[in-house]
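The structure file start00.cif is reproduced below (mmCIF, N, CA and C atoms).
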data_structure
loop_
_atom_site.label_atom_id
_atom_site.label_comp_id
_atom_site.auth_asym_id
_atom_site.auth_seq_id
_atom_site.Cartn_x
_atom_site.Cartn_y
_atom_site.Cartn_z
N MET A 1 121.17 180.70 106.71
CA MET A 1 121.79 179.91 105.68
C MET A 1 121.16 180.19 104.31
N ARG A 2 119.83 180.41 104.32
CA ARG A 2 119.16 180.71 103.05
C ARG A 2 119.70 181.99 102.43
N THR A 3 119.95 182.98 103.26
CA THR A 3 120.45 184.26 102.75
C THR A 3 121.83 184.09 102.13
N ILE A 4 122.69 183.34 102.78
CA ILE A 4 124.04 183.10 102.23
C ILE A 4 123.94 182.36 100.90
N LEU A 5 123.10 181.32 100.84
CA LEU A 5 122.93 180.58 99.59
C LEU A 5 122.35 181.47 98.50
N ASN A 6 121.40 182.34 98.85
CA ASN A 6 120.83 183.24 97.86
C ASN A 6 121.85 184.24 97.34
N ILE A 7 122.72 184.74 98.21
CA ILE A 7 123.74 185.70 97.77
C ILE A 7 124.73 185.01 96.83
N ILE A 8 125.17 183.81 97.20
CA ILE A 8 126.08 183.07 96.31
C ILE A 8 125.37 182.74 95.00
N TRP A 9 124.10 182.39 95.08
CA TRP A 9 123.31 182.06 93.89
C TRP A 9 123.25 183.25 92.93
N VAL A 10 122.97 184.44 93.47
CA VAL A 10 122.85 185.63 92.62
C VAL A 10 124.18 185.90 91.90
N ILE A 11 125.27 185.71 92.61
CA ILE A 11 126.58 185.98 92.01
C ILE A 11 126.92 184.95 90.93
N LEU A 12 126.66 183.67 91.20
CA LEU A 12 127.10 182.62 90.28
C LEU A 12 126.15 182.38 89.11
N ALA A 13 124.84 182.35 89.35
CA ALA A 13 123.93 181.99 88.26
C ALA A 13 122.64 182.79 88.23
N GLY A 14 122.18 183.25 89.36
CA GLY A 14 120.88 183.88 89.44
C GLY A 14 120.70 185.11 88.58
N TRP A 15 121.74 185.93 88.51
CA TRP A 15 121.63 187.16 87.75
C TRP A 15 121.41 186.88 86.26
N ALA A 16 122.16 185.93 85.71
CA ALA A 16 122.03 185.60 84.28
C ALA A 16 120.67 184.97 83.99
N LEU A 17 120.20 184.09 84.86
CA LEU A 17 118.89 183.48 84.66
C LEU A 17 117.78 184.51 84.81
N PHE A 18 117.93 185.41 85.76
CA PHE A 18 116.96 186.50 85.94
C PHE A 18 116.86 187.33 84.66
N LEU A 19 118.00 187.68 84.09
CA LEU A 19 117.98 188.46 82.85
C LEU A 19 117.34 187.70 81.70
N GLY A 20 117.53 186.38 81.65
CA GLY A 20 116.90 185.56 80.62
C GLY A 20 115.38 185.60 80.73
N TYR A 21 114.86 185.48 81.94
CA TYR A 21 113.41 185.54 82.13
C TYR A 21 112.86 186.94 81.85
N VAL A 22 113.59 187.97 82.24
CA VAL A 22 113.13 189.34 81.97
C VAL A 22 113.13 189.59 80.46
N LEU A 23 114.16 189.15 79.77
CA LEU A 23 114.20 189.31 78.31
C LEU A 23 113.04 188.57 77.65
N ALA A 24 112.78 187.34 78.11
CA ALA A 24 111.64 186.59 77.56
C ALA A 24 110.33 187.33 77.83
N GLY A 25 110.18 187.90 79.03
CA GLY A 25 108.98 188.64 79.36
C GLY A 25 108.81 189.89 78.50
N ILE A 26 109.90 190.60 78.27
CA ILE A 26 109.82 191.80 77.42
C ILE A 26 109.44 191.42 75.99
N LEU A 27 110.06 190.35 75.47
CA LEU A 27 109.74 189.92 74.11
C LEU A 27 108.30 189.43 74.01
N LEU A 28 107.80 188.80 75.06
CA LEU A 28 106.42 188.33 75.05
C LEU A 28 105.41 189.46 75.25
N CYS A 29 105.86 190.63 75.69
CA CYS A 29 104.96 191.78 75.81
C CYS A 29 104.73 192.48 74.47
N ILE A 30 105.58 192.21 73.51
CA ILE A 30 105.45 192.89 72.21
C ILE A 30 104.13 192.54 71.53
N PRO A 31 103.83 191.24 71.29
CA PRO A 31 102.48 190.95 70.80
C PRO A 31 101.51 190.96 72.00
N ILE A 32 100.43 191.65 71.86
CA ILE A 32 99.50 191.86 72.97
C ILE A 32 98.94 190.52 73.49
N ILE A 33 98.75 189.57 72.63
CA ILE A 33 98.11 188.31 73.02
C ILE A 33 98.97 187.46 73.94
N THR A 34 100.26 187.68 73.97
CA THR A 34 101.15 186.85 74.80
C THR A 34 101.50 187.51 76.15
N ILE A 35 100.78 188.55 76.53
CA ILE A 35 101.06 189.22 77.80
C ILE A 35 100.87 188.28 79.01
N PRO A 36 99.89 187.35 79.03
CA PRO A 36 99.81 186.44 80.19
C PRO A 36 101.10 185.60 80.37
N TRP A 37 101.74 185.21 79.29
CA TRP A 37 103.00 184.48 79.39
C TRP A 37 104.13 185.40 79.84
N ALA A 38 104.06 186.66 79.47
CA ALA A 38 105.06 187.63 79.93
C ALA A 38 104.96 187.82 81.44
N ILE A 39 103.74 187.89 81.96
CA ILE A 39 103.55 188.03 83.40
C ILE A 39 104.11 186.81 84.12
N ALA A 40 103.88 185.62 83.57
CA ALA A 40 104.44 184.40 84.16
C ALA A 40 105.96 184.44 84.12
N SER A 41 106.52 184.97 83.05
CA SER A 41 107.98 185.07 82.94
C SER A 41 108.55 186.02 83.99
N PHE A 42 107.90 187.14 84.21
CA PHE A 42 108.37 188.08 85.23
C PHE A 42 108.24 187.48 86.64
N ARG A 43 107.17 186.70 86.86
CA ARG A 43 106.99 186.04 88.15
C ARG A 43 108.11 185.03 88.41
N ILE A 44 108.47 184.26 87.40
CA ILE A 44 109.54 183.28 87.55
C ILE A 44 110.89 183.99 87.67
N ALA A 45 111.04 185.16 87.05
CA ALA A 45 112.29 185.91 87.18
C ALA A 45 112.53 186.28 88.63
N ALA A 46 111.48 186.66 89.33
CA ALA A 46 111.63 186.99 90.75
C ALA A 46 112.02 185.76 91.56
N TYR A 47 111.55 184.60 91.15
CA TYR A 47 111.93 183.35 91.82
C TYR A 47 113.35 182.94 91.44
N ALA A 48 113.74 183.17 90.19
CA ALA A 48 115.07 182.76 89.73
C ALA A 48 116.18 183.60 90.35
N ILE A 49 115.90 184.82 90.76
CA ILE A 49 116.96 185.64 91.34
C ILE A 49 117.16 185.32 92.82
N TRP A 50 116.15 184.80 93.53
CA TRP A 50 116.24 184.56 94.97
C TRP A 50 115.44 183.29 95.31
N PRO A 51 115.92 182.09 94.93
CA PRO A 51 115.10 180.88 95.04
C PRO A 51 115.06 180.20 96.41
N PHE A 52 116.12 180.34 97.20
CA PHE A 52 116.16 179.60 98.46
C PHE A 52 115.19 180.22 99.46
N GLY A 53 114.41 179.38 100.12
CA GLY A 53 113.38 179.84 101.04
C GLY A 53 112.02 179.94 100.39
N ARG A 54 111.92 179.51 99.12
CA ARG A 54 110.64 179.50 98.42
C ARG A 54 110.51 178.19 97.67
N GLU A 55 109.29 177.81 97.35
CA GLU A 55 109.07 176.59 96.59
C GLU A 55 107.90 176.80 95.62
N VAL A 56 107.81 175.92 94.65
CA VAL A 56 106.77 175.99 93.63
C VAL A 56 105.74 174.91 93.94
N ILE A 57 104.48 175.31 93.97
CA ILE A 57 103.39 174.35 94.17
C ILE A 57 102.38 174.51 93.04
N SER A 58 101.62 173.47 92.78
CA SER A 58 100.58 173.53 91.76
C SER A 58 99.33 174.19 92.33
N LYS A 59 98.70 175.02 91.51
CA LYS A 59 97.44 175.63 91.92
C LYS A 59 96.33 174.60 91.75
N PRO A 60 95.47 174.46 92.74
CA PRO A 60 94.40 173.46 92.60
C PRO A 60 93.34 173.86 91.57
N THR A 61 93.29 175.14 91.21
CA THR A 61 92.29 175.60 90.25
C THR A 61 92.77 175.57 88.81
N ALA A 62 94.02 175.13 88.58
CA ALA A 62 94.55 175.09 87.22
C ALA A 62 93.85 173.98 86.44
N GLY A 63 93.55 174.28 85.20
CA GLY A 63 92.82 173.31 84.39
C GLY A 63 93.42 173.16 83.00
N VAL A 64 92.55 172.91 82.05
CA VAL A 64 92.97 172.66 80.68
C VAL A 64 93.59 173.91 80.06
N GLY A 65 93.11 175.07 80.44
CA GLY A 65 93.67 176.32 79.92
C GLY A 65 95.14 176.47 80.27
N SER A 66 95.50 176.11 81.50
CA SER A 66 96.91 176.17 81.90
C SER A 66 97.74 175.18 81.09
N PHE A 67 97.20 173.99 80.85
CA PHE A 67 97.93 173.00 80.08
C PHE A 67 98.17 173.50 78.66
N LEU A 68 97.14 174.03 78.02
CA LEU A 68 97.30 174.55 76.65
C LEU A 68 98.24 175.75 76.62
N GLY A 69 98.16 176.60 77.62
CA GLY A 69 99.07 177.73 77.71
C GLY A 69 100.51 177.29 77.90
N ASN A 70 100.72 176.22 78.68
CA ASN A 70 102.07 175.69 78.88
C ASN A 70 102.64 175.10 77.60
N VAL A 71 101.78 174.48 76.78
CA VAL A 71 102.25 173.96 75.49
C VAL A 71 102.75 175.10 74.62
N LEU A 72 102.01 176.18 74.58
CA LEU A 72 102.45 177.35 73.81
C LEU A 72 103.69 177.98 74.42
N TRP A 73 103.80 177.99 75.76
CA TRP A 73 104.97 178.54 76.44
C TRP A 73 106.24 177.79 76.05
N VAL A 74 106.16 176.44 76.01
CA VAL A 74 107.34 175.64 75.65
C VAL A 74 107.81 176.02 74.26
N ILE A 75 106.89 176.25 73.35
CA ILE A 75 107.26 176.63 71.99
C ILE A 75 107.87 178.03 71.96
N LEU A 76 107.31 178.98 72.69
CA LEU A 76 107.77 180.36 72.63
C LEU A 76 109.07 180.61 73.40
N ALA A 77 109.16 180.14 74.63
CA ALA A 77 110.31 180.52 75.45
C ALA A 77 110.81 179.44 76.38
N GLY A 78 110.00 178.48 76.72
CA GLY A 78 110.34 177.53 77.76
C GLY A 78 111.53 176.65 77.47
N TRP A 79 111.68 176.21 76.24
CA TRP A 79 112.76 175.26 75.94
C TRP A 79 114.12 175.88 76.12
N TRP A 80 114.32 177.14 75.71
CA TRP A 80 115.66 177.72 75.84
C TRP A 80 115.94 178.17 77.27
N LEU A 81 114.90 178.51 78.04
CA LEU A 81 115.11 178.80 79.45
C LEU A 81 115.46 177.53 80.22
N ALA A 82 114.82 176.41 79.87
CA ALA A 82 115.15 175.13 80.51
C ALA A 82 116.58 174.72 80.17
N ILE A 83 117.00 174.93 78.94
CA ILE A 83 118.39 174.63 78.56
C ILE A 83 119.35 175.49 79.38
N GLY A 84 119.01 176.76 79.61
CA GLY A 84 119.84 177.63 80.44
C GLY A 84 119.98 177.10 81.86
N HIS A 85 118.89 176.59 82.42
CA HIS A 85 118.94 176.01 83.76
C HIS A 85 119.80 174.75 83.79
N ILE A 86 119.67 173.92 82.78
CA ILE A 86 120.44 172.67 82.75
C ILE A 86 121.93 172.96 82.60
N VAL A 87 122.28 173.87 81.70
CA VAL A 87 123.69 174.20 81.49
C VAL A 87 124.29 174.83 82.75
N SER A 88 123.60 175.80 83.33
CA SER A 88 124.15 176.44 84.53
C SER A 88 124.17 175.47 85.71
N GLY A 89 123.21 174.55 85.79
CA GLY A 89 123.21 173.54 86.85
C GLY A 89 124.40 172.61 86.74
N ILE A 90 124.73 172.21 85.53
CA ILE A 90 125.90 171.35 85.31
C ILE A 90 127.17 172.10 85.69
N LEU A 91 127.27 173.35 85.27
CA LEU A 91 128.46 174.14 85.60
C LEU A 91 128.58 174.39 87.11
N LEU A 92 127.47 174.58 87.78
CA LEU A 92 127.52 174.78 89.23
C LEU A 92 127.92 173.51 89.97
N CYS A 93 127.54 172.35 89.45
CA CYS A 93 127.85 171.09 90.12
C CYS A 93 129.31 170.68 89.96
N VAL A 94 130.09 171.42 89.21
CA VAL A 94 131.51 171.10 89.04
C VAL A 94 132.26 171.30 90.36
N THR A 95 131.88 172.29 91.14
CA THR A 95 132.55 172.54 92.41
C THR A 95 131.69 172.04 93.56
N ILE A 96 132.29 171.75 94.67
CA ILE A 96 131.56 171.24 95.83
C ILE A 96 130.63 172.31 96.39
N ILE A 97 131.09 173.54 96.45
CA ILE A 97 130.27 174.60 97.01
C ILE A 97 129.09 174.95 96.10
N GLY A 98 129.19 174.60 94.81
CA GLY A 98 128.12 174.91 93.87
C GLY A 98 127.07 173.83 93.75
N ILE A 99 127.28 172.66 94.38
CA ILE A 99 126.33 171.55 94.24
C ILE A 99 124.93 171.91 94.75
N PRO A 100 124.75 172.54 95.92
CA PRO A 100 123.39 172.90 96.33
C PRO A 100 122.71 173.85 95.35
N MET A 101 123.50 174.75 94.77
CA MET A 101 122.93 175.67 93.80
C MET A 101 122.61 174.98 92.49
N GLY A 102 123.45 174.01 92.11
CA GLY A 102 123.16 173.23 90.91
C GLY A 102 121.88 172.42 91.06
N ILE A 103 121.67 171.85 92.24
CA ILE A 103 120.44 171.10 92.50
C ILE A 103 119.24 172.03 92.45
N ALA A 104 119.37 173.23 93.02
CA ALA A 104 118.28 174.21 92.95
C ALA A 104 118.00 174.60 91.51
N ASP A 105 119.05 174.68 90.71
CA ASP A 105 118.89 175.01 89.30
C ASP A 105 118.12 173.91 88.57
N PHE A 106 118.44 172.65 88.87
CA PHE A 106 117.72 171.54 88.24
C PHE A 106 116.26 171.50 88.69
N LYS A 107 115.97 171.94 89.92
CA LYS A 107 114.60 171.99 90.41
C LYS A 107 113.77 173.06 89.70
N MET A 108 114.44 174.02 89.07
CA MET A 108 113.72 175.08 88.36
C MET A 108 113.37 174.70 86.92
N VAL A 109 113.90 173.60 86.43
CA VAL A 109 113.60 173.19 85.05
C VAL A 109 112.11 172.96 84.84
N PRO A 110 111.39 172.24 85.72
CA PRO A 110 109.95 172.05 85.47
C PRO A 110 109.15 173.34 85.40
N ILE A 111 109.46 174.31 86.25
CA ILE A 111 108.69 175.57 86.19
C ILE A 111 109.10 176.39 84.97
N SER A 112 110.33 176.21 84.48
CA SER A 112 110.71 176.93 83.27
C SER A 112 110.00 176.35 82.05
N LEU A 113 109.59 175.11 82.12
CA LEU A 113 108.85 174.49 81.02
C LEU A 113 107.34 174.65 81.17
N MET A 114 106.83 174.68 82.40
CA MET A 114 105.39 174.75 82.63
C MET A 114 105.05 175.75 83.74
N PRO A 115 105.11 177.06 83.46
CA PRO A 115 104.89 178.04 84.53
C PRO A 115 103.43 178.31 84.86
N LEU A 116 102.53 178.05 83.94
CA LEU A 116 101.13 178.36 84.19
C LEU A 116 100.51 177.27 85.06
N GLY A 117 99.70 177.67 86.01
CA GLY A 117 99.10 176.73 86.93
C GLY A 117 99.98 176.44 88.13
N LYS A 118 101.03 177.22 88.30
CA LYS A 118 101.95 177.06 89.43
C LYS A 118 101.94 178.32 90.27
N GLU A 119 102.31 178.16 91.52
CA GLU A 119 102.39 179.29 92.44
C GLU A 119 103.68 179.18 93.24
N ILE A 120 104.34 180.30 93.48
CA ILE A 120 105.58 180.34 94.24
C ILE A 120 105.23 180.82 95.65
N VAL A 121 105.54 179.98 96.64
CA VAL A 121 105.21 180.31 98.02
C VAL A 121 106.47 180.25 98.88
N SER A 122 106.43 180.93 100.00
CA SER A 122 107.55 180.94 100.93
C SER A 122 107.52 179.68 101.79
N THR A 123 108.71 179.16 102.07
CA THR A 123 108.81 178.02 102.97
C THR A 123 109.15 178.46 104.39
N ARG A 124 109.35 179.74 104.58
CA ARG A 124 109.67 180.27 105.90
C ARG A 124 108.42 180.31 106.76
N ARG A 125 108.61 180.04 107.99
CA ARG A 125 107.51 180.10 108.94
C ARG A 125 107.68 181.35 109.79
N GLY A 126 106.61 182.03 110.02
CA GLY A 126 106.64 183.24 110.83
C GLY A 126 106.68 182.93 112.31
N ALA A 127 106.83 183.96 113.11
CA ALA A 127 106.90 183.80 114.56
C ALA A 127 105.60 183.24 115.12
N PHE A 128 104.47 183.50 114.48
CA PHE A 128 103.18 183.06 114.98
C PHE A 128 102.77 181.70 114.42
N ASP A 129 103.61 181.09 113.56
CA ASP A 129 103.31 179.79 112.99
C ASP A 129 103.79 178.63 113.85
N ARG A 130 104.51 178.92 114.89
CA ARG A 130 105.07 177.87 115.75
C ARG A 130 103.98 177.28 116.63
N THR A 131 104.06 175.97 116.83
CA THR A 131 103.14 175.32 117.75
C THR A 131 103.82 175.11 119.09
N LEU A 132 103.06 175.15 120.13
CA LEU A 132 103.63 174.99 121.47
C LEU A 132 103.69 173.57 121.90
#

As structure tokens, how would this structure be written, given the file I've shared?
Amino acid sequence: MRTILNIIWVILAGWALFLGYVLAGILLCIPIITIPWAIASFRIAAYAIWPFGREVISKPTAGVGSFLGNVLWVILAGWWLAIGHIVSGILLCVTIIGIPMGIADFKMVPISLMPLGKEIVSTRRGAFDRTL
């Protein structure tokens, strides 16, 4: 089911959001000092193109530096990426089949505003993760 949702997601909204994050990352690579934010943008782009089966968790080692970096991120790129998620989420929720994707889009708004200090992990369990 995750694969089907991801394929529909890529067709309807994922591709455009992926390109937005890649563009933000390229623009943030131009000044050398903003390369850490560009890396975060590329990391979120990989999540934005294939979100189902993964989740965002906070890193326990994130501190004040991540908070200050997130404040700068919101000013540089976060606000317009969050607006992109909100607009595409509203458009996806217009149809019944798009509602799960719209909800996933709304779940990406916090990471689009505060990407530093977060980690993207898989929610899939492997064959050896099962308990007897």

### Task
Enumerate as a PyMOL selection string all residues of chain A assigned to alpha helix (DSSP H) by DSSP on the backbone, naming them with the chain letters and numbers the document uses.
chain A and resi 2-9+15-29+35-49+64-73+79-92+99-107+109-113

The PyMOL selection byres ((chain A and resi 62-74) around 6) resolved against shown file, as a PDB file with N, CA and C atoms, keeping the file's coordinate frame:
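Result saved to selection-v6.pdb:
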ATOM      1  N   LYS A  59      98.700 175.020  91.510  1.00  0.00           N
ATOM      2  CA  LYS A  59      97.440 175.630  91.920  1.00  0.00           C
ATOM      3  C   LYS A  59      96.330 174.600  91.750  1.00  0.00           C
ATOM      4  N   PRO A  60      95.470 174.460  92.740  1.00  0.00           N
ATOM      5  CA  PRO A  60      94.400 173.460  92.600  1.00  0.00           C
ATOM      6  C   PRO A  60      93.340 173.860  91.570  1.00  0.00           C
ATOM      7  N   THR A  61      93.290 175.140  91.210  1.00  0.00           N
ATOM      8  CA  THR A  61      92.290 175.600  90.250  1.00  0.00           C
ATOM      9  C   THR A  61      92.770 175.570  88.810  1.00  0.00           C
ATOM     10  N   ILE A  75     106.890 176.250  73.350  1.00  0.00           N
ATOM     11  CA  ILE A  75     107.260 176.630  71.990  1.00  0.00           C
ATOM     12  C   ILE A  75     107.870 178.030  71.960  1.00  0.00           C
ATOM     13  N   LEU A  76     107.310 178.980  72.690  1.00  0.00           N
ATOM     14  CA  LEU A  76     107.770 180.360  72.630  1.00  0.00           C
ATOM     15  C   LEU A  76     109.070 180.610  73.400  1.00  0.00           C
ATOM     16  N   ALA A  77     109.160 180.140  74.630  1.00  0.00           N
ATOM     17  CA  ALA A  77     110.310 180.520  75.450  1.00  0.00           C
ATOM     18  C   ALA A  77     110.810 179.440  76.380  1.00  0.00           C
ATOM     19  N   GLY A  78     110.000 178.480  76.720  1.00  0.00           N
ATOM     20  CA  GLY A  78     110.340 177.530  77.760  1.00  0.00           C
ATOM     21  C   GLY A  78     111.530 176.650  77.470  1.00  0.00           C
ATOM     22  N   TRP A  79     111.680 176.210  76.240  1.00  0.00           N
ATOM     23  CA  TRP A  79     112.760 175.260  75.940  1.00  0.00           C
ATOM     24  C   TRP A  79     114.120 175.880  76.120  1.00  0.00           C
ATOM     25  N   LEU A 113     109.590 175.110  82.120  1.00  0.00           N
ATOM     26  CA  LEU A 113     108.850 174.490  81.020  1.00  0.00           C
ATOM     27  C   LEU A 113     107.340 174.650  81.170  1.00  0.00           C
ATOM     28  N   MET A 114     106.830 174.680  82.400  1.00  0.00           N
ATOM     29  CA  MET A 114     105.390 174.750  82.630  1.00  0.00           C
ATOM     30  C   MET A 114     105.050 175.750  83.740  1.00  0.00           C
ATOM     31  N   PRO A 115     105.110 177.060  83.460  1.00  0.00           N
ATOM     32  CA  PRO A 115     104.890 178.040  84.530  1.00  0.00           C
ATOM     33  C   PRO A 115     103.430 178.310  84.860  1.00  0.00           C
ATOM     34  N   LEU A 116     102.530 178.050  83.940  1.00  0.00           N
ATOM     35  CA  LEU A 116     101.130 178.360  84.190  1.00  0.00           C
ATOM     36  C   LEU A 116     100.510 177.270  85.060  1.00  0.00           C
ATOM     37  N   GLY A 117      99.700 177.670  86.010  1.00  0.00           N
ATOM     38  CA  GLY A 117      99.100 176.730  86.930  1.00  0.00           C
ATOM     39  C   GLY A 117      99.980 176.440  88.130  1.00  0.00           C
TER      40      GLY A 117
END

### Message
Would you compute the distance between CA of Val10 in chain A and CA of Pro51 in chain A? Give it in Å to one decimal.
### Response
9.4 Å

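Here atom N of Gly89 in chain A stands at a distance of 6.7 Å from CA of Phe106 in chain A.
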
#### Entry: Residues in the PyMOL selection byres ((chain A and resi 102) around 7), expressed as JSON, numbers by chain
{"A": [88, 89, 90, 91, 92, 93, 97, 98, 99, 100, 101, 103, 104, 105, 106, 107]}

### Task
Select, from A:Lys118, A:Leu19, A:Ser41, A:Arg54, the residue with the minimum atom-to-atom distance to Thr3 in chain A, counting only C-alpha atoms.
A:Arg54

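Note that DSSP on the backbone gives strand (DSSP E or B) to these residues of chain A: Arg54, Glu55, Val56, Ile57, Ser58, Lys118, Glu119, Ile120, Val121 and Ser122 of chain A.
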
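CA of Asn6 in chain A is positioned 13.8 Å from CA of Ser122 in chain A.
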